[in-house]
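Containing TSV, C-alpha atoms: query_7.tsv.
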chain	number	residue	atom	x	y	z
V	1	MET	CA	66.15	-116.34	169.43
V	2	THR	CA	68.40	-119.30	168.69
V	3	GLY	CA	70.54	-119.43	165.60
V	4	ARG	CA	68.34	-122.18	164.17
V	5	GLY	CA	65.19	-120.09	164.70
V	6	LEU	CA	66.79	-117.08	163.11
V	7	ALA	CA	67.87	-119.13	160.10
V	8	LEU	CA	64.39	-120.57	159.76
V	9	GLY	CA	62.89	-117.10	159.96
V	10	VAL	CA	65.21	-115.73	157.32
V	11	ALA	CA	64.48	-118.72	155.09
V	12	LEU	CA	60.72	-118.27	155.45
V	13	LEU	CA	61.00	-114.53	154.82
V	14	ALA	CA	63.10	-115.15	151.74
V	15	ALA	CA	60.66	-117.78	150.51
V	16	ALA	CA	57.68	-115.47	151.02
V	17	GLY	CA	59.46	-112.64	149.26
V	18	CYS	CA	60.34	-114.81	146.27
V	19	LEU	CA	56.82	-115.95	145.58
V	20	PRO	CA	55.00	-114.28	142.72
V	21	SER	CA	52.82	-111.28	143.32
V	22	LEU	CA	49.48	-110.74	141.64
V	23	ARG	CA	48.05	-107.51	140.33
V	24	ALA	CA	44.67	-106.49	138.95
V	25	GLU	CA	44.88	-105.39	135.31
V	26	SER	CA	41.32	-104.23	134.75
V	27	THR	CA	38.49	-102.58	136.59
V	28	ALA	CA	34.90	-103.43	137.36
V	29	PRO	CA	32.07	-101.72	135.48
V	30	ALA	CA	29.96	-99.18	137.32
V	31	GLY	CA	27.93	-100.66	140.12
V	32	ARG	CA	29.81	-103.97	140.07
V	33	ILE	CA	32.78	-105.26	142.03
V	34	ALA	CA	36.14	-106.64	140.97
V	35	ARG	CA	38.58	-106.16	143.81
V	36	LEU	CA	41.78	-108.07	144.42
V	37	ASP	CA	43.42	-107.65	147.81
V	38	ALA	CA	46.56	-109.15	149.26
V	39	GLU	CA	46.16	-110.65	152.72
V	40	THR	CA	49.41	-110.00	154.48
V	41	GLY	CA	50.88	-111.45	157.64
V	42	PHE	CA	54.18	-111.23	159.44
V	43	TRP	CA	55.95	-112.99	156.57
V	44	GLY	CA	54.42	-110.86	153.85
V	45	ILE	CA	51.61	-111.82	151.50
V	46	GLN	CA	49.86	-114.98	152.67
V	47	HIS	CA	47.19	-115.23	150.02
V	48	TYR	CA	44.90	-113.06	147.92
V	49	ARG	CA	41.25	-112.28	148.31
V	50	LEU	CA	39.08	-111.51	145.28
V	51	GLU	CA	35.56	-110.16	145.40
V	52	LEU	CA	33.88	-110.32	142.04
V	53	SER	CA	30.37	-109.60	140.83
V	54	GLN	CA	28.57	-112.29	138.89
V	55	GLY	CA	29.05	-111.70	135.19
V	56	VAL	CA	32.17	-109.57	135.66
V	57	ALA	CA	35.71	-110.50	134.64
V	58	LEU	CA	39.01	-109.37	136.08
V	59	ALA	CA	42.43	-109.75	134.48
V	60	VAL	CA	45.13	-110.61	137.00
V	61	SER	CA	48.81	-110.50	136.15
V	62	CYS	CA	51.55	-112.45	137.84
V	63	ASP	CA	55.05	-111.09	138.45
V	64	GLN	CA	58.14	-112.40	140.08
V	65	LEU	CA	61.03	-110.14	139.09
V	66	GLY	CA	59.25	-109.96	135.75
V	67	PRO	CA	56.28	-111.72	134.22
V	68	CYS	CA	55.78	-115.18	135.75
V	69	GLU	CA	57.13	-118.08	133.74
V	70	ARG	CA	54.92	-121.09	132.97
V	71	LEU	CA	51.84	-119.51	134.51
V	72	THR	CA	48.89	-121.79	135.13
V	73	ALA	CA	45.74	-121.32	137.15
V	74	ARG	CA	43.00	-123.66	138.25
V	75	SER	CA	39.65	-122.98	139.88
V	76	ASP	CA	38.30	-125.37	142.48
V	77	ASP	CA	34.79	-124.65	141.21
V	78	PRO	CA	34.60	-123.29	137.64
V	79	ALA	CA	30.83	-123.00	138.02
V	80	ILE	CA	31.47	-120.19	140.53
V	81	ALA	CA	34.65	-118.62	139.16
V	82	GLU	CA	36.12	-119.60	135.84
V	83	VAL	CA	39.75	-118.90	135.06
V	84	ARG	CA	41.23	-118.60	131.59
V	85	PRO	CA	44.67	-117.76	130.27
V	86	ALA	CA	45.09	-114.23	128.96
V	87	ALA	CA	47.10	-113.44	125.84
V	88	LEU	CA	48.71	-110.08	126.52
V	89	THR	CA	51.15	-108.55	124.10
V	90	ALA	CA	52.39	-105.74	126.36
V	91	LEU	CA	56.00	-106.14	127.35
V	92	ARG	CA	57.03	-105.80	130.96
V	93	PRO	CA	60.52	-105.39	132.42
V	94	ALA	CA	62.02	-108.76	133.30
V	95	GLY	CA	65.25	-109.41	135.11
V	96	GLY	CA	66.46	-105.83	134.99
V	97	THR	CA	67.51	-105.54	131.36
V	98	ASN	CA	65.13	-107.85	129.51
V	99	GLN	CA	61.43	-107.65	128.65
V	100	GLN	CA	58.78	-110.36	128.47
V	101	PRO	CA	55.06	-110.35	127.64
V	102	ALA	CA	52.89	-109.88	130.69
V	103	ALA	CA	51.71	-113.15	132.20
V	104	ALA	CA	48.07	-112.99	133.18
V	105	VAL	CA	44.83	-114.85	133.62
V	106	VAL	CA	41.24	-113.71	133.38
V	107	ILE	CA	38.89	-114.66	136.19
V	108	VAL	CA	35.18	-114.64	135.40
V	109	GLY	CA	32.47	-114.53	138.07
V	110	LYS	CA	29.95	-117.13	136.94
V	111	ALA	CA	27.65	-117.69	139.91
V	112	PRO	CA	27.39	-116.42	143.48
V	113	GLY	CA	29.44	-118.42	145.94
V	114	LYS	CA	32.93	-118.98	147.29
V	115	THR	CA	35.79	-120.90	145.79
V	116	ALA	CA	39.56	-120.87	145.48
V	117	ILE	CA	41.87	-120.37	142.54
V	118	ARG	CA	45.40	-121.70	142.61
V	119	VAL	CA	47.88	-119.72	140.53
V	120	ASP	CA	51.15	-121.54	139.85
V	121	SER	CA	54.32	-120.62	138.06
V	122	LYS	CA	57.90	-121.78	137.82
V	123	ASP	CA	58.71	-119.68	140.87
V	124	GLY	CA	55.87	-120.82	143.08
V	125	GLY	CA	52.19	-120.25	143.49
V	126	ARG	CA	49.55	-118.18	145.16
V	127	GLN	CA	46.08	-118.91	146.42
V	128	ILE	CA	43.18	-116.59	145.64
V	129	TRP	CA	40.09	-116.94	147.77
V	130	VAL	CA	37.25	-115.86	145.55
V	131	THR	CA	33.81	-114.62	146.53
V	132	VAL	CA	31.38	-114.08	143.68
V	133	VAL	CA	28.55	-111.79	144.71
V	134	PRO	CA	25.19	-111.53	142.93
V	135	PRO	CA	24.46	-108.39	140.91
V	136	PRO	CA	22.12	-105.88	142.47
V	137	GLY	CA	19.27	-107.48	140.53
V	138	ALA	CA	16.44	-106.56	142.83
V	139	VAL	CA	17.35	-102.88	142.61
V	140	ALA	CA	17.70	-103.02	138.82
V	141	ALA	CA	14.38	-104.79	138.41
V	142	THR	CA	12.59	-102.25	140.57
V	143	THR	CA	14.11	-99.40	138.60
V	144	ALA	CA	13.16	-100.98	135.28
V	145	LYS	CA	9.58	-101.50	136.45
V	146	ARG	CA	9.28	-97.91	137.63
V	147	ARG	CA	10.67	-96.60	134.35
V	148	SER	CA	8.45	-98.74	132.15
V	149	SER	CA	5.35	-97.57	134.01
V	150	SER	CA	6.15	-94.01	132.99
V	151	ALA	CA	7.04	-94.82	129.42
V	152	VAL	CA	6.37	-92.04	126.98
V	153	LEU	CA	4.72	-92.90	123.71
V	154	ALA	CA	6.82	-90.79	121.42
V	155	HIS	CA	5.82	-90.10	117.88
L	1	MET	CA	71.67	-91.82	133.21
L	2	ARG	CA	68.71	-93.71	131.84
L	3	SER	CA	68.55	-93.65	128.06
L	4	LEU	CA	65.48	-92.29	126.28
L	5	ASP	CA	64.72	-95.62	124.66
L	6	SER	CA	64.49	-97.54	127.91
L	7	PRO	CA	61.12	-99.25	128.49
L	8	VAL	CA	60.37	-97.19	131.59
L	9	VAL	CA	61.04	-93.85	129.89
L	10	LEU	CA	59.05	-94.89	126.82
L	11	ALA	CA	56.13	-95.95	128.98
L	12	VAL	CA	56.15	-92.64	130.83
L	13	LEU	CA	56.33	-90.64	127.61
L	14	VAL	CA	54.04	-92.67	125.38
L	15	ALA	CA	51.19	-93.61	127.71
L	16	PRO	CA	49.84	-90.07	128.29
L	17	VAL	CA	50.11	-89.25	124.58
L	18	ALA	CA	48.23	-92.42	123.65
L	19	ALA	CA	45.54	-91.67	126.21
L	20	LEU	CA	45.08	-88.11	124.99
L	21	SER	CA	44.98	-89.08	121.34
L	22	GLY	CA	42.03	-91.41	122.03
L	23	CYS	CA	43.64	-94.43	120.45
L	24	GLY	CA	42.77	-96.66	123.39
L	25	MET	CA	40.52	-99.57	122.41
L	26	GLY	CA	37.23	-100.43	124.05
L	27	GLY	CA	38.36	-103.70	125.59
L	28	ALA	CA	39.49	-103.83	129.19
L	29	LEU	CA	42.95	-104.95	128.11
L	30	HIS	CA	43.25	-102.37	125.30
L	31	GLN	CA	43.89	-105.06	122.69
L	32	ALA	CA	40.51	-105.49	121.01
L	33	THR	CA	36.99	-104.18	121.01
L	34	LEU	CA	33.60	-104.66	119.45
L	35	LEU	CA	32.28	-102.31	116.79
L	36	GLY	CA	28.89	-102.14	115.16
L	37	GLN	CA	28.63	-103.53	111.66
L	38	CYS	CA	27.76	-100.51	109.55
L	39	ALA	CA	27.64	-100.10	105.82
L	40	ALA	CA	29.97	-97.37	104.58
L	41	VAL	CA	27.06	-95.40	103.13
L	42	ASP	CA	24.79	-95.77	106.17
L	43	ALA	CA	25.12	-92.41	107.89
L	44	ALA	CA	22.48	-93.24	110.49
L	45	CYS	CA	24.37	-96.31	111.69
L	46	SER	CA	27.00	-95.53	114.27
L	47	ARG	CA	29.99	-97.73	114.90
L	48	SER	CA	30.07	-96.37	118.42
L	49	HIS	CA	26.70	-97.89	119.27
L	50	PRO	CA	28.10	-100.87	121.14
L	51	GLN	CA	29.09	-98.32	123.76
L	52	ALA	CA	25.37	-98.09	124.54
L	53	PRO	CA	23.47	-100.79	126.42
L	54	LEU	CA	21.63	-103.28	124.25
L	55	ALA	CA	17.85	-103.13	124.35
L	56	VAL	CA	16.40	-106.27	125.89
L	57	GLY	CA	14.89	-108.40	123.15
L	58	THR	CA	17.21	-107.16	120.40
L	59	ARG	CA	20.37	-108.38	118.74
L	60	PHE	CA	23.61	-106.59	118.07
L	61	TYR	CA	25.93	-107.69	115.30
L	62	PRO	CA	29.47	-106.84	116.37
L	63	GLU	CA	32.66	-106.74	114.42
L	64	ILE	CA	35.79	-107.64	116.38
L	65	ALA	CA	38.55	-105.09	115.94
L	66	ALA	CA	41.89	-106.13	117.37
L	67	GLU	CA	45.12	-104.25	117.54
L	68	LEU	CA	47.88	-106.68	118.39
L	69	ALA	CA	51.44	-105.60	117.82
L	70	GLY	CA	53.33	-107.55	115.22
L	71	THR	CA	50.49	-109.76	114.03
L	72	THR	CA	47.36	-109.68	111.98
L	73	THR	CA	44.24	-110.54	113.93
L	74	PRO	CA	44.13	-114.22	114.84
L	75	SER	CA	40.92	-116.20	114.58
L	76	LEU	CA	38.79	-114.91	117.44
L	77	TYR	CA	35.45	-115.86	118.87
L	78	LEU	CA	33.06	-114.40	121.41
L	79	ASP	CA	31.43	-115.91	124.44
L	80	SER	CA	29.52	-114.50	127.34
L	81	ALA	CA	30.03	-114.90	131.08
L	82	LEU	CA	26.27	-114.81	131.68
L	83	PRO	CA	24.37	-116.13	128.66
L	84	GLU	CA	21.08	-115.56	130.45
L	85	VAL	CA	21.79	-111.80	130.26
L	86	ILE	CA	23.82	-111.48	127.03
L	87	ALA	CA	23.91	-114.52	124.80
L	88	VAL	CA	26.17	-115.05	121.82
L	89	ASP	CA	24.29	-116.55	118.89
L	90	ARG	CA	26.17	-117.09	115.63
L	91	GLY	CA	28.35	-114.06	116.28
L	92	ALA	CA	25.50	-111.79	117.37
L	93	LEU	CA	25.00	-110.52	120.90
L	94	VAL	CA	21.46	-111.16	122.09
L	95	ALA	CA	20.15	-109.12	125.03
L	96	ARG	CA	17.94	-111.48	127.02
L	97	ARG	CA	17.34	-109.55	130.21
L	98	ALA	CA	18.51	-106.41	132.03
L	99	GLY	CA	21.95	-106.62	133.57
L	100	THR	CA	25.53	-106.89	132.50
L	101	SER	CA	27.80	-109.63	131.30
L	102	THR	CA	31.39	-109.81	130.28
L	103	VAL	CA	31.84	-110.72	126.63
L	104	LEU	CA	35.17	-112.45	126.20
L	105	ILE	CA	37.17	-112.19	122.99
L	106	SER	CA	39.26	-115.34	122.80
L	107	THR	CA	41.50	-117.24	120.45
L	108	ASP	CA	40.68	-120.75	119.25
L	109	ASP	CA	42.61	-122.26	122.14
L	110	GLY	CA	40.67	-120.28	124.75
L	111	ALA	CA	43.25	-117.58	125.55
L	112	VAL	CA	41.48	-114.32	126.28
L	113	VAL	CA	42.75	-111.49	124.09
L	114	ASP	CA	40.39	-108.97	125.61
L	115	PHE	CA	36.99	-108.61	127.19
L	116	ILE	CA	34.32	-105.98	127.29
L	117	GLN	CA	31.46	-105.48	129.68
L	118	VAL	CA	28.16	-105.34	127.80
L	119	TRP	CA	25.00	-104.01	129.40
L	120	ALA	CA	21.41	-104.78	128.58
L	121	ALA	CA	18.50	-102.54	129.54
L	122	PRO	CA	14.78	-102.56	128.83
L	123	ALA	CA	13.54	-100.11	126.23
L	124	THR	CA	11.23	-97.70	127.99
L	125	LYS	CA	10.75	-95.35	125.08
L	126	LEU	CA	10.70	-95.74	121.36
L	127	ALA	CA	11.06	-92.84	118.97
L	128	LEU	CA	10.78	-92.80	115.21
L	129	ALA	CA	13.17	-90.98	112.95
L	130	ARG	CA	13.77	-90.53	109.26
L	131	ARG	CA	16.66	-92.28	107.65
L	132	ASP	CA	18.84	-89.19	108.09
L	133	GLY	CA	18.21	-89.25	111.83
L	134	GLU	CA	15.63	-86.43	111.96
L	135	ARG	CA	13.13	-87.28	114.64
L	136	ILE	CA	9.46	-87.56	113.70
L	137	ALA	CA	7.56	-85.10	115.87
L	138	GLY	CA	4.18	-84.95	114.15
L	139	PRO	CA	1.97	-86.26	111.34
L	140	ILE	CA	3.46	-86.90	107.91
L	141	ALA	CA	1.68	-86.04	104.69
L	142	LEU	CA	2.45	-88.06	101.58
L	143	ALA	CA	1.15	-87.83	98.07
L	144	VAL	CA	0.01	-91.08	96.47
L	145	GLY	CA	3.10	-92.90	95.25
L	146	GLU	CA	5.46	-91.13	97.63
L	147	ASP	CA	7.28	-92.94	100.36
L	148	VAL	CA	9.18	-92.24	103.58
L	149	THR	CA	11.58	-94.48	105.43
L	150	LEU	CA	11.26	-94.65	109.21
L	151	GLU	CA	13.71	-96.05	111.70
L	152	PRO	CA	12.99	-96.77	115.37
L	153	ALA	CA	15.34	-95.48	118.06
L	154	LEU	CA	15.24	-97.27	121.39
L	155	TRP	CA	15.73	-95.45	124.64
L	156	ASN	CA	15.96	-96.20	128.35
L	157	GLY	CA	15.12	-92.83	129.88
L	158	ALA	CA	17.62	-90.41	128.37
L	159	GLN	CA	19.97	-93.17	127.27
L	160	ARG	CA	19.99	-94.38	123.68
L	161	LEU	CA	20.06	-98.16	123.37
L	162	ALA	CA	21.71	-100.29	120.72
L	163	GLY	CA	20.40	-103.41	119.05
L	164	ASP	CA	17.85	-104.25	116.43
L	165	GLY	CA	15.55	-106.99	115.30
L	166	GLY	CA	12.90	-106.88	117.99
L	167	VAL	CA	10.58	-104.11	116.79
L	168	THR	CA	7.17	-105.00	115.41
L	169	TRP	CA	5.20	-102.71	113.08
L	170	THR	CA	1.44	-102.46	112.72
L	171	ASN	CA	-0.58	-100.48	110.22
L	172	GLU	CA	-4.26	-99.74	110.72
L	173	ALA	CA	-4.99	-98.76	107.14
L	174	PRO	CA	-3.19	-101.03	104.67
L	175	ASP	CA	-5.39	-99.79	101.84
L	176	ALA	CA	-4.04	-96.25	102.18
L	177	LEU	CA	-0.48	-97.10	103.14
L	178	ALA	CA	1.91	-99.97	102.64
L	179	VAL	CA	4.55	-100.75	105.28
L	180	LEU	CA	7.42	-102.38	103.45
L	181	ARG	CA	10.59	-104.05	104.61
L	182	ASP	CA	13.72	-102.56	103.14
L	183	GLY	CA	16.36	-105.09	104.11
L	184	SER	CA	17.00	-103.77	107.60
L	185	ALA	CA	15.60	-105.70	110.56
L	186	ASP	CA	13.72	-102.77	112.06
L	187	ARG	CA	13.57	-100.05	109.43
L	188	ARG	CA	10.43	-99.74	107.27
L	189	ARG	CA	9.53	-97.90	104.08
L	190	LEU	CA	6.04	-96.44	104.12
L	191	ARG	CA	4.51	-96.05	100.66
L	192	ALA	CA	1.36	-94.03	100.09
L	193	ARG	CA	-1.21	-96.08	98.11
L	194	ALA	CA	-4.51	-94.22	98.18
L	195	PRO	CA	-5.91	-91.05	99.79
L	196	GLY	CA	-6.79	-91.52	103.44
L	197	ARG	CA	-5.31	-91.61	106.91
L	198	ALA	CA	-3.27	-94.30	108.59
L	199	THR	CA	-1.66	-94.76	111.97
L	200	VAL	CA	1.51	-96.78	111.98
L	201	THR	CA	2.81	-98.12	115.28
L	202	ALA	CA	6.21	-99.55	116.13
L	203	ALA	CA	6.60	-101.51	119.37
L	204	LEU	CA	9.26	-103.26	121.38
L	205	GLY	CA	8.06	-104.72	124.66
L	206	GLU	CA	6.06	-102.06	126.43
L	207	ALA	CA	7.61	-99.20	124.47
L	208	THR	CA	5.60	-98.02	121.49
L	209	ALA	CA	5.59	-95.10	119.09
L	210	SER	CA	2.94	-94.13	116.59
L	211	VAL	CA	2.87	-91.77	113.66
L	212	GLU	CA	-0.11	-90.52	111.72
L	213	ILE	CA	0.22	-90.57	107.96
L	214	GLU	CA	-2.10	-88.52	105.75
L	215	VAL	CA	-2.15	-89.62	102.16
L	216	VAL	CA	-3.30	-86.95	99.74
L	217	PRO	CA	-4.14	-87.32	96.03

Translate this file's structure into structure tokens.
Amino acid sequence: MTGRGLALGVALLAAAGCLPSLRAESTAPAGRIARLDAETGFWGIQHYRLELSQGVALAVSCDQLGPCERLTARSDDPAIAEVRPAALTALRPAGGTNQQPAAAVVIVGKAPGKTAIRVDSKDGGRQIWVTVVPPPGAVAATTAKRRSSSAVLAH
Amino acid sequence: MRSLDSPVVLAVLVAPVAALSGCGMGGALHQATLLGQCAAVDAACSRSHPQAPLAVGTRFYPEIAAELAGTTTPSLYLDSALPEVIAVDRGALVARRAGTSTVLISTDDGAVVDFIQVWAAPATKLALARRDGERIAGPIALAVGEDVTLEPALWNGAQRLAGDGGVTWTNEAPDALAVLRDGSADRRRLRARAPGRATVTAALGEATASVEIEVVP
């Protein structure tokens, strides 16, 4: 490898390592999905993948040696996945000796489909590829119908 | 050596204690939750009811309880991720159909303070109980002039449902018995008027419950 290639590689590695990392801060309810995964490549995290059930929300925090500064997020299609700022009061370690409130957003699955959310901060951004899946409605409806047919008339 | 007041040490020491003491809030972010609006003297009303699914066709009147360090509760409002499942109408949660929706608790400027997943389920069984919670298991005898207050309890299988406002009451013998509202959406006061028999039925959707009332002189 030439010196120029090595320098470029080190620069790319450093850049990838300095970008913010995202972390799920909540869980999905029973029978629903809210899963955030990092897609990694040779240079580290390339982007994130989020699978979310319709009607479910997931809080996602952003860190880069502490809570991200000037965090913003934008959804390409808010009708599929809506993103809102989160107001968290919990303090997180920042810069070794300091603390800052956690920086986070809340992503809400609005309708089945695919879209992308761009998370940006002072130290760079990340892309989240979002898939919103429909709830298991057919199963729930069948269960409800079966239950109602055996309803007990209590008195 | 790390000092005992460092954030990491405090987190390690405090988190398990907080979890064991049950002080965690109902919201996903542990900053706020929704409680039922209960009168202080209403023993039958449980503030834990929002933990149950809401019965489809009913309303639930929540009270936002926030616990934010260093501040009183800011002005907060509710909205729903899926209004076709759980709608928010003038502060009440309205269960429209079976399913689940995230209810977001946000500040005026749209920042989410917390959120809670609310479920809605159809009522498959309706039971009647006295005001003190005792379940009605058979006919009730009343002397003329006496009354009894009945409250419907909604169930989906073995699971108690929350919500009120959707139950309808019918009375086959209004001459013998009066079914009176008492200020609650679903609760009724039955007053014996004249000797005879009456069947009173409460219904929500396909779930019904009946009780026979015998009025004696």

Task: Within 8 Å of segment 100-103 of chain V using only C-alpha atoms, minus same-chain residues under 4 positions, as a PyMOL selection string - done: chain V and resi 61-63+66-69+71+86-94

Same residues, C-alpha atoms, saved as a JSON list (two decimals), keeping the file's coordinate frame:
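Ended up saving to part-v2.json:
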[["chain", "number", "residue", "atom", "x", "y", "z"],
["V", 61, "SER", "CA", 48.81, -110.50, 136.15],
["V", 62, "CYS", "CA", 51.55, -112.45, 137.84],
["V", 63, "ASP", "CA", 55.05, -111.09, 138.45],
["V", 66, "GLY", "CA", 59.25, -109.96, 135.75],
["V", 67, "PRO", "CA", 56.28, -111.72, 134.22],
["V", 68, "CYS", "CA", 55.78, -115.18, 135.75],
["V", 69, "GLU", "CA", 57.13, -118.08, 133.74],
["V", 71, "LEU", "CA", 51.84, -119.51, 134.51],
["V", 86, "ALA", "CA", 45.09, -114.23, 128.96],
["V", 87, "ALA", "CA", 47.10, -113.44, 125.84],
["V", 88, "LEU", "CA", 48.71, -110.08, 126.52],
["V", 89, "THR", "CA", 51.15, -108.55, 124.10],
["V", 90, "ALA", "CA", 52.39, -105.74, 126.36],
["V", 91, "LEU", "CA", 56.00, -106.14, 127.35],
["V", 92, "ARG", "CA", 57.03, -105.80, 130.96],
["V", 93, "PRO", "CA", 60.52, -105.39, 132.42],
["V", 94, "ALA", "CA", 62.02, -108.76, 133.30]]

Open item on the list: Taking 4 positions as the minimum chain separation for residues in the same chain, which residues sit within 8 Å of Leu154 of chain L when counting all atoms listed in the file? Answer as an NGL selection string.
Closed with: :L and (55 or 123-127 or 160-162)

Open item on the list: Within 6 Å of (48.1, -115.6, 144.8) in the file's own coordinates, which protein, DNA or RNA residues have an atom, counting all atoms listed in the file? List them as a list in words.
Closed with: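 Every residue inside that radius is included here: Leu22, His47, Tyr48, Val119, Arg126, Gln127 and Ile128 of chain V.
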
- [ ] Identify, on the basis of all atoms listed in the file, every residue whose closest approach to Val216 of chain L does not exceed 8 Å; exclude the query and any residue fewer than 2 positions from it along the same chain; express the result as number ranges by chain.
- [x] L: 141-144, 194-196, 214

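Interface residues on chain L toward chain V (cut-off 6 Å, only C-alpha atoms): L:Ala28, L:Ala81, L:Leu82, L:Ser101, L:Thr102, L:Ala111, L:Val112, L:Val113, L:Thr124, L:Lys125, L:Ala127, L:Ala137, L:Thr208, L:Ala209, L:Ser210, L:Val211.
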
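In this model, the gap between atom CA of Trp129 of chain V and atom CA of Ile117 of chain V comes to 6.5 Å.
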
- [ ] Name the closest residue to Ala24 of chain V among the candidates L:Val167, L:Val94, L:Leu29, L:Leu190; distances are taken between atoms, counting only C-alpha atoms.
- [x]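 When distances to Ala24 of chain V are compared using only C-alpha atoms, the smallest one comes from L:Leu29.
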
Open item on the list: Within 10 Å of (-3.7, -95.8, 113.5) in the file's own coordinates, which protein, DNA or RNA residues have an atom, counting all atoms listed in the file? List them as a VMD selection string.
Closed with: chain L and resid 170 to 173 197 to 201 210 to 213

- [ ] Report the distance between atom CA of Arg59 of chain L and atom CA of Ala34 of chain V in Å, rounded to one decimal place.
- [x]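 The value is 27.3 Å.
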
- [ ] Please provide as a PyMOL selection string all residues within 9 Å of Asp76 of chain V, with the sequence filter that same-chain residues fewer than 4 positions apart are discarded (counting all atoms listed in the file).
- [x] chain V and resi 80-81+115-118

Task: Interatomic distance, atom CA of Gly57 of chain L to atom CA of Glu84 of chain L (Å, one decimal) - done: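 Calculated distance between atom CA of Gly57 of chain L and atom CA of Glu84 of chain L is 12.0 Å.
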
Open item on the list: Using only C-alpha atoms, can you tell me which of L:Ala153, L:Ala66, L:Ala176, L:Leu54 comes closest to Ala95 of chain L?
Closed with: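 Smallest distance to Ala95 of chain L is found for L:Leu54.
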
Open item on the list: Under the rule that only C-alpha atoms are counted, which of L:Gln31, L:Arg187, L:Ile105, L:Ile86 is the nearest residue to Thr71 of chain L?
Closed with: L:Gln31
